[in-house]
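Data file: input-v3.txt. Format and content: compact mmCIF, C-alpha atoms.
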```txt
# COMPACT_ATOMS: atom_id res chain seq x y z
CA MET A 24 114.00 25.08 -21.30
CA LYS A 25 114.64 21.53 -22.52
CA LYS A 26 111.25 20.42 -21.21
CA ILE A 27 109.53 23.25 -23.06
CA LEU A 28 111.38 22.34 -26.28
CA VAL A 29 110.46 18.65 -25.99
CA PHE A 30 106.84 19.55 -25.26
CA THR A 31 106.77 21.90 -28.27
CA ILE A 32 108.17 19.21 -30.59
CA LEU A 33 105.73 16.59 -29.29
CA SER A 34 102.84 19.02 -29.71
CA LEU A 35 103.95 19.75 -33.25
CA PHE A 36 104.04 16.06 -34.19
CA TYR A 37 100.68 15.50 -32.52
CA ASN A 38 99.08 18.36 -34.43
CA LEU A 39 100.62 17.15 -37.68
CA SER A 40 99.20 13.68 -37.03
CA LEU A 41 95.74 15.23 -36.89
CA ALA A 42 96.33 17.45 -39.92
CA ARG A 43 95.08 15.14 -42.69
CA ASP A 44 91.75 16.46 -43.90
CA TYR A 45 91.27 14.10 -46.84
CA ILE A 46 90.27 10.43 -47.13
CA GLU A 47 93.15 8.12 -48.07
CA ILE A 48 92.38 5.02 -50.15
CA VAL A 49 94.89 2.41 -51.35
CA GLY A 50 94.73 -1.01 -52.99
CA SER A 51 93.57 -2.81 -56.11
CA SER A 52 94.39 -1.40 -59.54
CA THR A 53 91.17 -3.05 -60.76
CA VAL A 54 88.97 -1.25 -58.22
CA PHE A 55 91.04 1.94 -58.64
CA PRO A 56 89.05 3.41 -61.58
CA PHE A 57 85.73 2.75 -59.83
CA SER A 58 86.96 4.26 -56.58
CA THR A 59 88.40 7.25 -58.43
CA VAL A 60 85.07 8.01 -60.12
CA VAL A 61 83.27 7.88 -56.76
CA ALA A 62 85.97 10.06 -55.18
CA GLU A 63 85.64 12.67 -57.93
CA THR A 64 81.84 12.61 -57.72
CA PHE A 65 82.03 12.96 -53.93
CA GLY A 66 84.45 15.89 -54.25
CA LYS A 67 82.09 17.72 -56.60
CA LYS A 68 78.92 17.02 -54.60
CA THR A 69 80.19 17.88 -51.12
CA LYS A 70 82.30 20.46 -49.28
CA PHE A 71 84.94 17.82 -48.47
CA PRO A 72 88.26 17.43 -50.32
CA THR A 73 88.36 14.81 -53.07
CA PRO A 74 89.71 11.57 -51.55
CA LYS A 75 93.21 10.49 -52.53
CA VAL A 76 93.15 7.11 -54.31
CA GLU A 77 96.33 5.09 -54.99
CA ALA A 78 96.72 1.87 -56.99
CA THR A 79 99.13 -0.19 -54.88
CA GLY A 80 97.70 -3.64 -55.67
CA SER A 81 95.37 -5.54 -53.36
CA GLY A 82 98.10 -7.21 -51.33
CA GLY A 83 100.20 -4.05 -51.05
CA GLY A 84 97.16 -2.00 -50.10
CA ILE A 85 96.03 -4.41 -47.40
CA LYS A 86 99.55 -4.35 -45.94
CA LEU A 87 99.40 -0.53 -45.72
CA PHE A 88 95.86 -0.62 -44.35
CA CYS A 89 96.76 -3.14 -41.65
CA LYS A 90 99.86 -1.42 -40.32
CA GLY A 91 97.95 0.38 -37.56
CA ASN A 92 95.21 2.78 -36.51
CA GLY A 93 97.34 5.92 -36.74
CA ILE A 94 96.38 8.74 -39.03
CA ASP A 95 99.47 7.89 -41.14
CA SER A 96 97.71 4.69 -42.23
CA SER A 97 95.02 4.46 -44.91
CA ASP A 98 91.30 4.72 -44.15
CA ILE A 99 89.99 2.39 -46.86
CA VAL A 100 91.57 -0.37 -48.94
CA ASN A 101 90.25 -1.60 -52.29
CA SER A 102 90.69 -5.27 -53.14
CA SER A 103 89.93 -7.46 -56.14
CA ARG A 104 89.72 -10.48 -53.85
CA ARG A 105 88.58 -11.15 -50.30
CA ILE A 106 91.07 -10.40 -47.57
CA LYS A 107 93.09 -13.51 -46.66
CA GLU A 108 93.01 -14.97 -43.15
CA LYS A 109 96.72 -14.30 -42.63
CA GLU A 110 96.22 -10.66 -43.71
CA PHE A 111 93.27 -10.28 -41.38
CA GLN A 112 95.37 -11.73 -38.57
CA LYS A 113 98.10 -9.20 -39.35
CA CYS A 114 95.52 -6.44 -38.97
CA LEU A 115 94.49 -7.85 -35.60
CA ASP A 116 98.12 -8.14 -34.48
CA ASN A 117 98.59 -4.44 -35.27
CA GLY A 118 95.46 -3.39 -33.40
CA VAL A 119 93.27 -2.93 -36.48
CA THR A 120 90.43 -4.98 -35.03
CA ASP A 121 87.34 -3.14 -36.25
CA ILE A 122 86.97 -3.52 -40.03
CA THR A 123 83.89 -3.51 -42.25
CA GLU A 124 83.88 -5.56 -45.45
CA VAL A 125 81.94 -4.24 -48.47
CA LEU A 126 81.34 -6.28 -51.62
CA ILE A 127 80.61 -3.78 -54.40
CA GLY A 128 80.19 -6.01 -57.46
CA PHE A 129 82.03 -8.32 -59.83
CA ASP A 130 84.62 -8.12 -62.56
CA GLY A 131 85.92 -10.47 -65.23
CA ILE A 132 89.62 -10.98 -65.94
CA ALA A 133 90.30 -10.24 -69.59
CA ILE A 134 92.92 -12.06 -71.64
CA ALA A 135 93.31 -9.55 -74.44
CA ASN A 136 95.40 -8.49 -77.41
CA SER A 137 95.45 -5.76 -80.03
CA LYS A 138 92.36 -5.33 -82.22
CA ASP A 139 94.77 -5.63 -85.17
CA GLY A 140 96.02 -9.02 -84.00
CA LEU A 141 94.76 -12.58 -84.25
CA THR A 142 91.59 -13.66 -82.46
CA PHE A 143 92.26 -16.08 -79.60
CA ASP A 144 89.79 -18.75 -78.49
CA LEU A 145 91.32 -20.36 -75.41
CA THR A 146 90.31 -22.91 -72.82
CA ILE A 147 91.16 -22.81 -69.14
CA LYS A 148 93.45 -25.77 -69.80
CA ASP A 149 95.26 -23.81 -72.55
CA LEU A 150 95.89 -20.97 -70.10
CA TYR A 151 97.23 -23.33 -67.47
CA LEU A 152 99.65 -24.95 -69.92
CA ALA A 153 100.78 -21.54 -71.17
CA LEU A 154 101.32 -19.96 -67.76
CA ALA A 155 102.37 -22.68 -65.30
CA ALA A 156 105.99 -23.05 -64.25
CA LYS A 157 105.72 -26.84 -64.42
CA VAL A 158 103.36 -28.84 -66.60
CA PRO A 159 102.53 -32.52 -67.13
CA ALA A 160 104.98 -34.29 -69.43
CA ASN A 161 102.03 -36.25 -70.79
CA ILE A 162 99.15 -33.91 -71.71
CA ASP A 163 96.64 -36.76 -71.83
CA GLN A 164 94.23 -35.71 -69.07
CA ASN A 165 93.15 -39.33 -68.54
CA ALA A 166 96.64 -40.54 -67.72
CA LYS A 167 96.80 -42.37 -64.37
CA LYS A 168 100.18 -40.90 -63.44
CA ILE A 169 101.75 -37.71 -64.70
CA ASN A 170 105.35 -36.57 -64.45
CA PHE A 171 105.92 -32.83 -64.27
CA ILE A 172 108.56 -30.96 -66.25
CA LYS A 173 109.66 -27.34 -66.62
CA ASN A 174 107.22 -25.68 -69.02
CA PRO A 175 108.60 -26.34 -72.52
CA TYR A 176 105.92 -24.52 -74.53
CA THR A 177 107.09 -21.51 -76.51
CA HIS A 178 104.25 -21.29 -79.08
CA TRP A 179 100.48 -21.51 -78.65
CA ASN A 180 100.02 -24.28 -81.24
CA GLN A 181 102.32 -26.56 -79.20
CA ILE A 182 99.66 -26.52 -76.50
CA ASN A 183 96.66 -26.84 -78.77
CA ALA A 184 96.88 -27.46 -82.53
CA LYS A 185 93.83 -25.24 -83.02
CA LEU A 186 95.71 -22.22 -81.70
CA PRO A 187 97.93 -19.98 -83.86
CA ALA A 188 101.62 -20.70 -84.38
CA VAL A 189 102.77 -17.54 -82.59
CA LYS A 190 105.04 -17.13 -79.60
CA ILE A 191 103.55 -17.24 -76.12
CA LYS A 192 104.07 -13.83 -74.56
CA ILE A 193 101.76 -12.65 -71.79
CA LEU A 194 101.93 -9.33 -69.93
CA GLY A 195 100.35 -9.47 -66.51
CA PRO A 196 100.19 -8.27 -62.91
CA PRO A 197 102.74 -8.81 -60.11
CA PRO A 198 102.26 -10.95 -56.97
CA THR A 199 100.86 -7.98 -55.00
CA SER A 200 97.87 -7.79 -57.35
CA GLY A 201 94.44 -9.25 -56.66
CA THR A 202 94.17 -9.86 -60.40
CA ARG A 203 97.22 -12.13 -60.13
CA ASP A 204 95.62 -14.01 -57.21
CA ALA A 205 92.41 -14.50 -59.17
CA LEU A 206 94.33 -15.56 -62.28
CA GLN A 207 96.17 -18.22 -60.28
CA GLU A 208 93.05 -19.49 -58.54
CA LEU A 209 90.58 -19.39 -61.43
CA ALA A 210 92.71 -19.93 -64.54
CA LEU A 211 95.80 -21.87 -63.46
CA GLU A 212 94.14 -24.01 -60.82
CA GLY A 213 91.03 -24.31 -62.98
CA GLY A 214 93.08 -25.79 -65.83
CA CYS A 215 95.20 -27.83 -63.46
CA LYS A 216 92.11 -29.58 -62.05
CA GLU A 217 91.18 -30.85 -65.50
CA TYR A 218 93.82 -33.52 -64.94
CA SER A 219 92.22 -36.13 -62.71
CA PHE A 220 95.59 -37.10 -61.19
CA ILE A 221 96.33 -33.54 -60.12
CA LYS A 222 92.83 -33.06 -58.76
CA GLN A 223 93.30 -36.12 -56.55
CA LEU A 224 96.64 -34.73 -55.34
CA LYS A 225 94.79 -31.94 -53.52
CA LYS A 226 93.51 -34.44 -50.95
CA LYS A 227 96.84 -36.23 -50.55
CA ASN A 228 99.32 -33.33 -50.58
CA LYS A 229 97.68 -29.91 -50.65
CA GLU A 230 100.99 -28.03 -50.39
CA LYS A 231 102.38 -29.76 -53.49
CA TYR A 232 99.04 -29.28 -55.29
CA ILE A 233 99.04 -25.51 -54.63
CA LYS A 234 102.66 -25.21 -55.77
CA LEU A 235 101.96 -27.04 -59.03
CA CYS A 236 98.69 -25.28 -59.74
CA HIS A 237 99.53 -21.72 -58.66
CA THR A 238 103.16 -21.13 -59.70
CA ILE A 239 103.57 -18.97 -62.81
CA ARG A 240 106.52 -19.55 -65.11
CA GLU A 241 109.54 -17.19 -64.89
CA ASP A 242 111.28 -17.89 -68.20
CA GLY A 243 110.26 -14.70 -69.98
CA ARG A 244 106.97 -15.96 -71.44
CA TYR A 245 105.04 -14.23 -68.64
CA ILE A 246 106.20 -10.68 -67.97
CA GLU A 247 105.19 -8.74 -64.86
CA MET A 248 104.10 -5.20 -65.70
CA GLY A 249 103.54 -3.77 -62.23
CA GLU A 250 100.19 -2.21 -61.36
CA ASN A 251 100.08 -0.10 -64.54
CA ASP A 252 97.36 -1.42 -66.87
CA ASN A 253 97.87 1.54 -69.21
CA LEU A 254 101.41 0.34 -69.85
CA ILE A 255 100.05 -3.08 -70.86
CA ILE A 256 97.66 -1.44 -73.34
CA SER A 257 100.54 0.54 -74.82
CA LYS A 258 102.65 -2.61 -75.25
CA LEU A 259 99.77 -4.54 -76.84
CA SER A 260 99.36 -1.82 -79.45
CA ASN A 261 102.94 -2.44 -80.62
CA GLU A 262 102.98 -6.24 -80.23
CA ILE A 263 99.67 -7.27 -81.77
CA ASN A 264 99.75 -10.97 -80.85
CA THR A 265 101.06 -10.51 -77.32
CA LEU A 266 98.37 -11.08 -74.68
CA GLY A 267 97.71 -8.86 -71.69
CA ILE A 268 95.82 -9.55 -68.47
CA PHE A 269 93.60 -6.96 -66.73
CA GLY A 270 90.04 -6.38 -65.54
CA PHE A 271 86.97 -6.29 -67.79
CA SER A 272 86.29 -2.66 -66.94
CA PHE A 273 89.70 -1.68 -68.33
CA LEU A 274 89.07 -3.74 -71.46
CA ASP A 275 85.72 -2.01 -71.86
CA GLN A 276 87.32 1.42 -71.53
CA ASN A 277 89.93 0.54 -74.18
CA SER A 278 87.71 -1.39 -76.61
CA ASP A 279 88.95 0.79 -79.48
CA LYS A 280 92.47 -0.62 -78.97
CA VAL A 281 92.15 -4.19 -77.63
CA LYS A 282 89.83 -7.20 -77.78
CA GLY A 283 89.24 -9.99 -75.30
CA ALA A 284 89.86 -13.65 -76.04
CA LYS A 285 87.08 -16.19 -75.67
CA ILE A 286 87.58 -18.50 -72.69
CA ASN A 287 85.92 -21.93 -72.86
CA ASN A 288 84.03 -20.59 -75.89
CA ASN A 289 82.60 -17.67 -73.91
CA PRO A 290 83.39 -14.07 -74.86
CA ILE A 291 84.06 -11.68 -71.99
CA THR A 292 80.88 -9.62 -71.86
CA PHE A 293 78.77 -8.02 -69.16
CA GLU A 294 76.08 -10.68 -69.69
CA LYS A 295 78.48 -13.64 -69.64
CA ILE A 296 80.12 -12.45 -66.41
CA THR A 297 76.75 -11.82 -64.75
CA SER A 298 75.48 -15.28 -65.73
CA GLY A 299 78.67 -16.99 -64.53
CA GLU A 300 79.39 -18.48 -67.97
CA TYR A 301 82.63 -16.54 -68.35
CA PRO A 302 84.94 -18.63 -66.13
CA ILE A 303 87.50 -16.05 -65.01
CA SER A 304 85.48 -13.63 -62.90
CA ARG A 305 85.91 -12.44 -59.32
CA PRO A 306 84.32 -10.27 -56.60
CA LEU A 307 85.46 -6.71 -55.87
CA TYR A 308 85.65 -5.33 -52.33
CA PHE A 309 86.65 -2.42 -50.20
CA TYR A 310 87.43 -2.52 -46.48
CA ILE A 311 86.82 0.31 -44.01
CA LYS A 312 88.94 1.04 -40.93
CA ASN A 313 86.15 1.94 -38.53
CA SER A 314 88.51 3.56 -36.03
CA HIS A 315 89.05 6.33 -38.62
CA ARG A 316 85.37 7.18 -39.07
CA ASP A 317 85.57 9.80 -36.31
CA LYS A 318 89.10 10.93 -37.19
CA ILE A 319 88.74 11.90 -40.85
CA LYS A 320 85.80 14.09 -41.76
CA GLY A 321 83.62 12.95 -44.62
CA ILE A 322 84.35 9.22 -44.51
CA ASN A 323 80.78 8.23 -43.68
CA LYS A 324 79.38 10.42 -46.44
CA PHE A 325 81.90 9.02 -48.94
CA ILE A 326 80.93 5.47 -47.98
CA ALA A 327 77.25 6.36 -48.34
CA GLU A 328 77.97 7.68 -51.85
CA PHE A 329 79.86 4.50 -52.80
CA VAL A 330 77.27 1.98 -51.60
CA ASN A 331 74.26 3.87 -52.93
CA GLU A 332 72.12 2.06 -55.49
CA SER A 333 72.59 5.04 -57.84
CA THR A 334 76.33 4.26 -57.76
CA ILE A 335 76.69 0.46 -57.76
CA GLY A 336 73.15 -0.69 -58.60
CA GLU A 337 71.99 -1.97 -61.98
CA GLU A 338 71.45 1.58 -63.23
CA GLY A 339 74.32 3.05 -61.22
CA TYR A 340 76.97 5.25 -62.74
CA LEU A 341 79.71 2.66 -62.08
CA THR A 342 77.99 0.11 -64.33
CA ASP A 343 78.73 2.54 -67.18
CA LYS A 344 82.39 2.11 -66.24
CA GLY A 345 82.23 -1.70 -66.42
CA LEU A 346 81.26 -2.76 -62.88
CA ILE A 347 79.11 -5.90 -62.83
CA PRO A 348 76.45 -5.10 -60.18
CA LEU A 349 75.34 -7.26 -57.27
CA PRO A 350 71.83 -8.71 -57.04
CA ILE A 351 69.66 -6.20 -55.18
CA ASN A 352 69.42 -8.32 -52.00
CA LYS A 353 73.23 -8.53 -51.70
CA LEU A 354 73.61 -4.85 -52.51
CA LYS A 355 71.26 -3.95 -49.67
CA LYS A 356 73.04 -6.29 -47.27
CA TYR A 357 76.52 -4.88 -47.92
CA SER A 358 75.22 -1.32 -48.07
CA ASN A 359 73.66 -1.80 -44.63
CA ASP A 360 76.91 -3.31 -43.30
CA ALA A 361 78.90 -0.33 -44.61
CA LEU A 362 76.57 2.32 -43.24
CA ASN A 363 76.28 0.63 -39.85
CA SER A 364 79.96 -0.26 -39.36
CA VAL A 365 79.25 -4.01 -39.16
CA LYS A 366 82.44 -5.64 -37.91
CA LEU A 367 84.14 -8.27 -40.07
CA GLU A 368 84.55 -11.67 -38.43
CA MET A 369 86.51 -14.46 -40.13
```

As structure tokens:
Amino acid sequence: MKKILVFTILSLFYNLSLARDYIEIVGSSTVFPFSTVVAETFGKKTKFPTPKVEATGSGGGIKLFCKGNGIDSSDIVNSSRRIKEKEFQKCLDNGVTDITEVLIGFDGIAIANSKDGLTFDLTIKDLYLALAAKVPANIDQNAKKINFIKNPYTHWNQINAKLPAVKIKILGPPPTSGTRDALQELALEGGCKEYSFIKQLKKKNKEKYIKLCHTIREDGRYIEMGENDNLIISKLSNEINTLGIFGFSFLDQNSDKVKGAKINNNPITFEKITSGEYPISRPLYFYIKNSHRDKIKGINKFIAEFVNESTIGEEGYLTDKGLIPLPINKLKKYSNDALNSVKLEM
């Protein structure tokens, strides 16, 4: 009797493990709106259930994706940066060894505030000095030696006399976000490297260099807002000179409420991101767990919908949502990889 009961329970769990009939996608809040549109289109065009898409942040999503090959783990993860080597290794350690990488396009990181507020024209160096936990005591970029102090700047005009005399308050993403990673790499480190002494430090002491150039202040001037970009928009509407950080596509969708700052004299526009003139832009990816292709029905058709030129090409429906498309040769390469389960090697 006990054996029958145990067998029944095991059978029940086994059947439940095979019960999921929908595609499960986690990851980047920046890629989330693009993935959601494709999921909804796929649900309408096919007999398959609409895929479930969750915004967990790039880092959080990759962690969920890499936990194993079981049906309780996600099938696809969105990311607003490339998977890190240590994350890829974690996948391998957990048996997730067959992954396909798909680059879908590009996005710019907007530094924005209310349309009713002041207009900001910032440099990468301004952003570094506003956001970094520690900054040079001497802001002369030609200084031969620089001592670092806890960030003392409370107002924008203390950093740059051309900027308004308003308090520095920036609402942005948490550490699990790919937007945060890109902000640290492109904006903080970008401004950090404008000091020749710091740039030289990278060769001498890379660990110290990364700590100085990637650590965001925690004194209340930068406020983490989770993975909810809508909450940032709501806050900016009430605090007109507070700045918020999110993807260009989200700025584009809320252009009636917020406006983007110029960075290095370049406005955040589709054209400026495509040309590379807008300095804070990054690639957008999704990763496929190939072991799930034969476990969850519809995955291959969903992938085919996502990588189709009519979706992510120059005239694709995601460009209307703010996606910056790939050049046609790259689009074809990644589309081919996705459709043919080309295994990622790092």

Box for range 178-190 of chain A - axis-aligned, 5 Å on each of the six sides, all listed atoms - centre and size in Å to one decimal, as JSON.
```
{"center_x": 99.4, "center_y": -22.3, "center_z": -80.4, "size_x": 21.2, "size_y": 20.3, "size_z": 17.9}
```

Write out, as a Markdown table, each residue of range 254-335 of chain A that has an atom at most 8 Å from range 61-80 of chain A, together with the closest pair of atoms and their distance in Å to one decimal, counting all atoms listed in the file, rows going by chain and rising number.
```
| residue | atom | partner | partner_atom | distance |
| --- | --- | --- | --- | --- |
| A:Lys320 | CA | A:Phe71 | CA | 7.7 |
| A:Gly321 | CA | A:Phe71 | CA | 6.3 |
| A:Phe325 | CA | A:Phe65 | CA | 6.4 |
| A:Glu328 | CA | A:Phe65 | CA | 7.0 |
| A:Phe329 | CA | A:Val61 | CA | 6.2 |
| A:Thr334 | CA | A:Val61 | CA | 7.9 |
```

- Task: For CA of Tyr232 in chain A and CA of Lys192 in chain A, determine how far apart the two atoms are, in Å to one decimal place.
- Result: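 Distance reported for this atom pair: 25.2 Å.
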
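Closest approach to Ile221 in chain A among A:Gly267, A:Glu241, A:Pro159, A:Pro198: A:Pro159, based on only C-alpha atoms.
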
- Query: When distances are computed from all atoms listed in the file, which of A:Lys344, A:Arg105, A:His315, A:Lys226 shows the smallest separation from Ser272 in chain A?
  - Reply: A:Lys344

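Proximity to Asn277 in chain A was assessed for A:Glu208, A:Glu300, A:Glu124, A:Asp252 counting only C-alpha atoms; the smallest distance is recorded for A:Asp252.
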
- Message: Rounded to one decimal, what separation in Å do you get between CA of Leu206 in chain A and CA of Thr123 in chain A?
- Response: 25.6 Å

- Query: Can you tell me how far CA of Leu154 in chain A sits from CA of Asn253 in chain A, in Å to one decimal?
  - Reply: 21.8 Å

- Query: Closest to Phe143 in chain A among A:Arg104, A:Lys285, A:Lys113, A:Lys227, using all atoms listed in the file?
  - Reply: A:Lys285

- Item | Close residues, Phe129 in chain A itself excluded, 10 Å, all atoms listed in the file, min 5 positions apart in chain, as JSON, numbers by chain | {"A": [103, 104, 271, 293, 296, 297, 304, 305, 306, 307, 308, 345, 346, 347, 348, 349]}

- Pick from A:Ala284, A:Ile319, A:Val100, A:Val60: nearest to Thr142 in chain A, with only C-alpha atoms counted? A:Ala284

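Using all atoms listed in the file, the shortest contact distance between Arg43 in chain A and any of A:Lys318, A:Ile286, A:Lys355, A:Phe273 is found at A:Lys318.
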
- Task: Please identify all polymer residues within 10 Å of Met369 in chain A, counting only C-alpha atoms, omitting same-chain residues fewer than 2 positions from it, and present them as a PyMOL selection string.
- Result: chain A and resi 106-108+111-112+366-367

How would range 232-250 of chain A look with N, CA and C atoms restored, written as a PDB file, in the frame of the given file?
```
ATOM      1  N   TYR A 232     100.103 -29.615 -54.338  1.00  0.00           N
ATOM      2  CA  TYR A 232      99.040 -29.280 -55.290  1.00  0.00           C
ATOM      3  C   TYR A 232      99.020 -27.770 -55.558  1.00  0.00           C
ATOM      4  N   ILE A 233      99.066 -26.971 -54.485  1.00  0.00           N
ATOM      5  CA  ILE A 233      99.040 -25.510 -54.630  1.00  0.00           C
ATOM      6  C   ILE A 233     100.277 -25.037 -55.390  1.00  0.00           C
ATOM      7  N   LYS A 234     101.434 -25.612 -55.088  1.00  0.00           N
ATOM      8  CA  LYS A 234     102.660 -25.210 -55.770  1.00  0.00           C
ATOM      9  C   LYS A 234     102.591 -25.499 -57.259  1.00  0.00           C
ATOM     10  N   LEU A 235     102.080 -26.662 -57.615  1.00  0.00           N
ATOM     11  CA  LEU A 235     101.960 -27.040 -59.030  1.00  0.00           C
ATOM     12  C   LEU A 235     100.917 -26.201 -59.759  1.00  0.00           C
ATOM     13  N   CYS A 236      99.832 -25.905 -59.074  1.00  0.00           N
ATOM     14  CA  CYS A 236      98.690 -25.280 -59.740  1.00  0.00           C
ATOM     15  C   CYS A 236      98.640 -23.755 -59.618  1.00  0.00           C
ATOM     16  N   HIS A 237      99.562 -23.165 -58.850  1.00  0.00           N
ATOM     17  CA  HIS A 237      99.530 -21.720 -58.660  1.00  0.00           C
ATOM     18  C   HIS A 237     100.815 -21.008 -59.084  1.00  0.00           C
ATOM     19  N   THR A 238     101.874 -21.761 -59.388  1.00  0.00           N
ATOM     20  CA  THR A 238     103.160 -21.130 -59.700  1.00  0.00           C
ATOM     21  C   THR A 238     103.251 -20.769 -61.172  1.00  0.00           C
ATOM     22  N   ILE A 239     103.464 -19.477 -61.433  1.00  0.00           N
ATOM     23  CA  ILE A 239     103.570 -18.970 -62.810  1.00  0.00           C
ATOM     24  C   ILE A 239     105.023 -19.042 -63.282  1.00  0.00           C
ATOM     25  N   ARG A 240     105.190 -19.398 -64.533  1.00  0.00           N
ATOM     26  CA  ARG A 240     106.520 -19.550 -65.110  1.00  0.00           C
ATOM     27  C   ARG A 240     107.312 -18.232 -65.058  1.00  0.00           C
ATOM     28  N   GLU A 241     108.656 -18.354 -64.996  1.00  0.00           N
ATOM     29  CA  GLU A 241     109.540 -17.190 -64.890  1.00  0.00           C
ATOM     30  C   GLU A 241     110.638 -17.240 -65.952  1.00  0.00           C
ATOM     31  N   ASP A 242     110.287 -17.740 -67.126  1.00  0.00           N
ATOM     32  CA  ASP A 242     111.280 -17.890 -68.200  1.00  0.00           C
ATOM     33  C   ASP A 242     111.126 -16.838 -69.294  1.00  0.00           C
ATOM     34  N   GLY A 243     110.409 -15.768 -69.000  1.00  0.00           N
ATOM     35  CA  GLY A 243     110.260 -14.700 -69.980  1.00  0.00           C
ATOM     36  C   GLY A 243     108.995 -14.764 -70.815  1.00  0.00           C
ATOM     37  N   ARG A 244     108.225 -15.858 -70.689  1.00  0.00           N
ATOM     38  CA  ARG A 244     106.970 -15.960 -71.440  1.00  0.00           C
ATOM     39  C   ARG A 244     105.859 -15.160 -70.745  1.00  0.00           C
ATOM     40  N   TYR A 245     105.939 -15.075 -69.410  1.00  0.00           N
ATOM     41  CA  TYR A 245     105.040 -14.230 -68.640  1.00  0.00           C
ATOM     42  C   TYR A 245     105.864 -13.083 -68.092  1.00  0.00           C
ATOM     43  N   ILE A 246     105.441 -11.855 -68.365  1.00  0.00           N
ATOM     44  CA  ILE A 246     106.200 -10.680 -67.970  1.00  0.00           C
ATOM     45  C   ILE A 246     105.370  -9.818 -67.023  1.00  0.00           C
ATOM     46  N   GLU A 247     105.893  -9.588 -65.832  1.00  0.00           N
ATOM     47  CA  GLU A 247     105.190  -8.740 -64.860  1.00  0.00           C
ATOM     48  C   GLU A 247     105.300  -7.279 -65.271  1.00  0.00           C
ATOM     49  N   MET A 248     104.151  -6.592 -65.248  1.00  0.00           N
ATOM     50  CA  MET A 248     104.100  -5.200 -65.700  1.00  0.00           C
ATOM     51  C   MET A 248     103.731  -4.232 -64.580  1.00  0.00           C
ATOM     52  N   GLY A 249     103.887  -4.644 -63.337  1.00  0.00           N
ATOM     53  CA  GLY A 249     103.540  -3.770 -62.230  1.00  0.00           C
ATOM     54  C   GLY A 249     102.026  -3.581 -62.142  1.00  0.00           C
ATOM     55  N   GLU A 250     101.624  -2.487 -61.544  1.00  0.00           N
ATOM     56  CA  GLU A 250     100.190  -2.210 -61.360  1.00  0.00           C
ATOM     57  C   GLU A 250      99.669  -1.223 -62.418  1.00  0.00           C
TER      58      GLU A 250
END
```
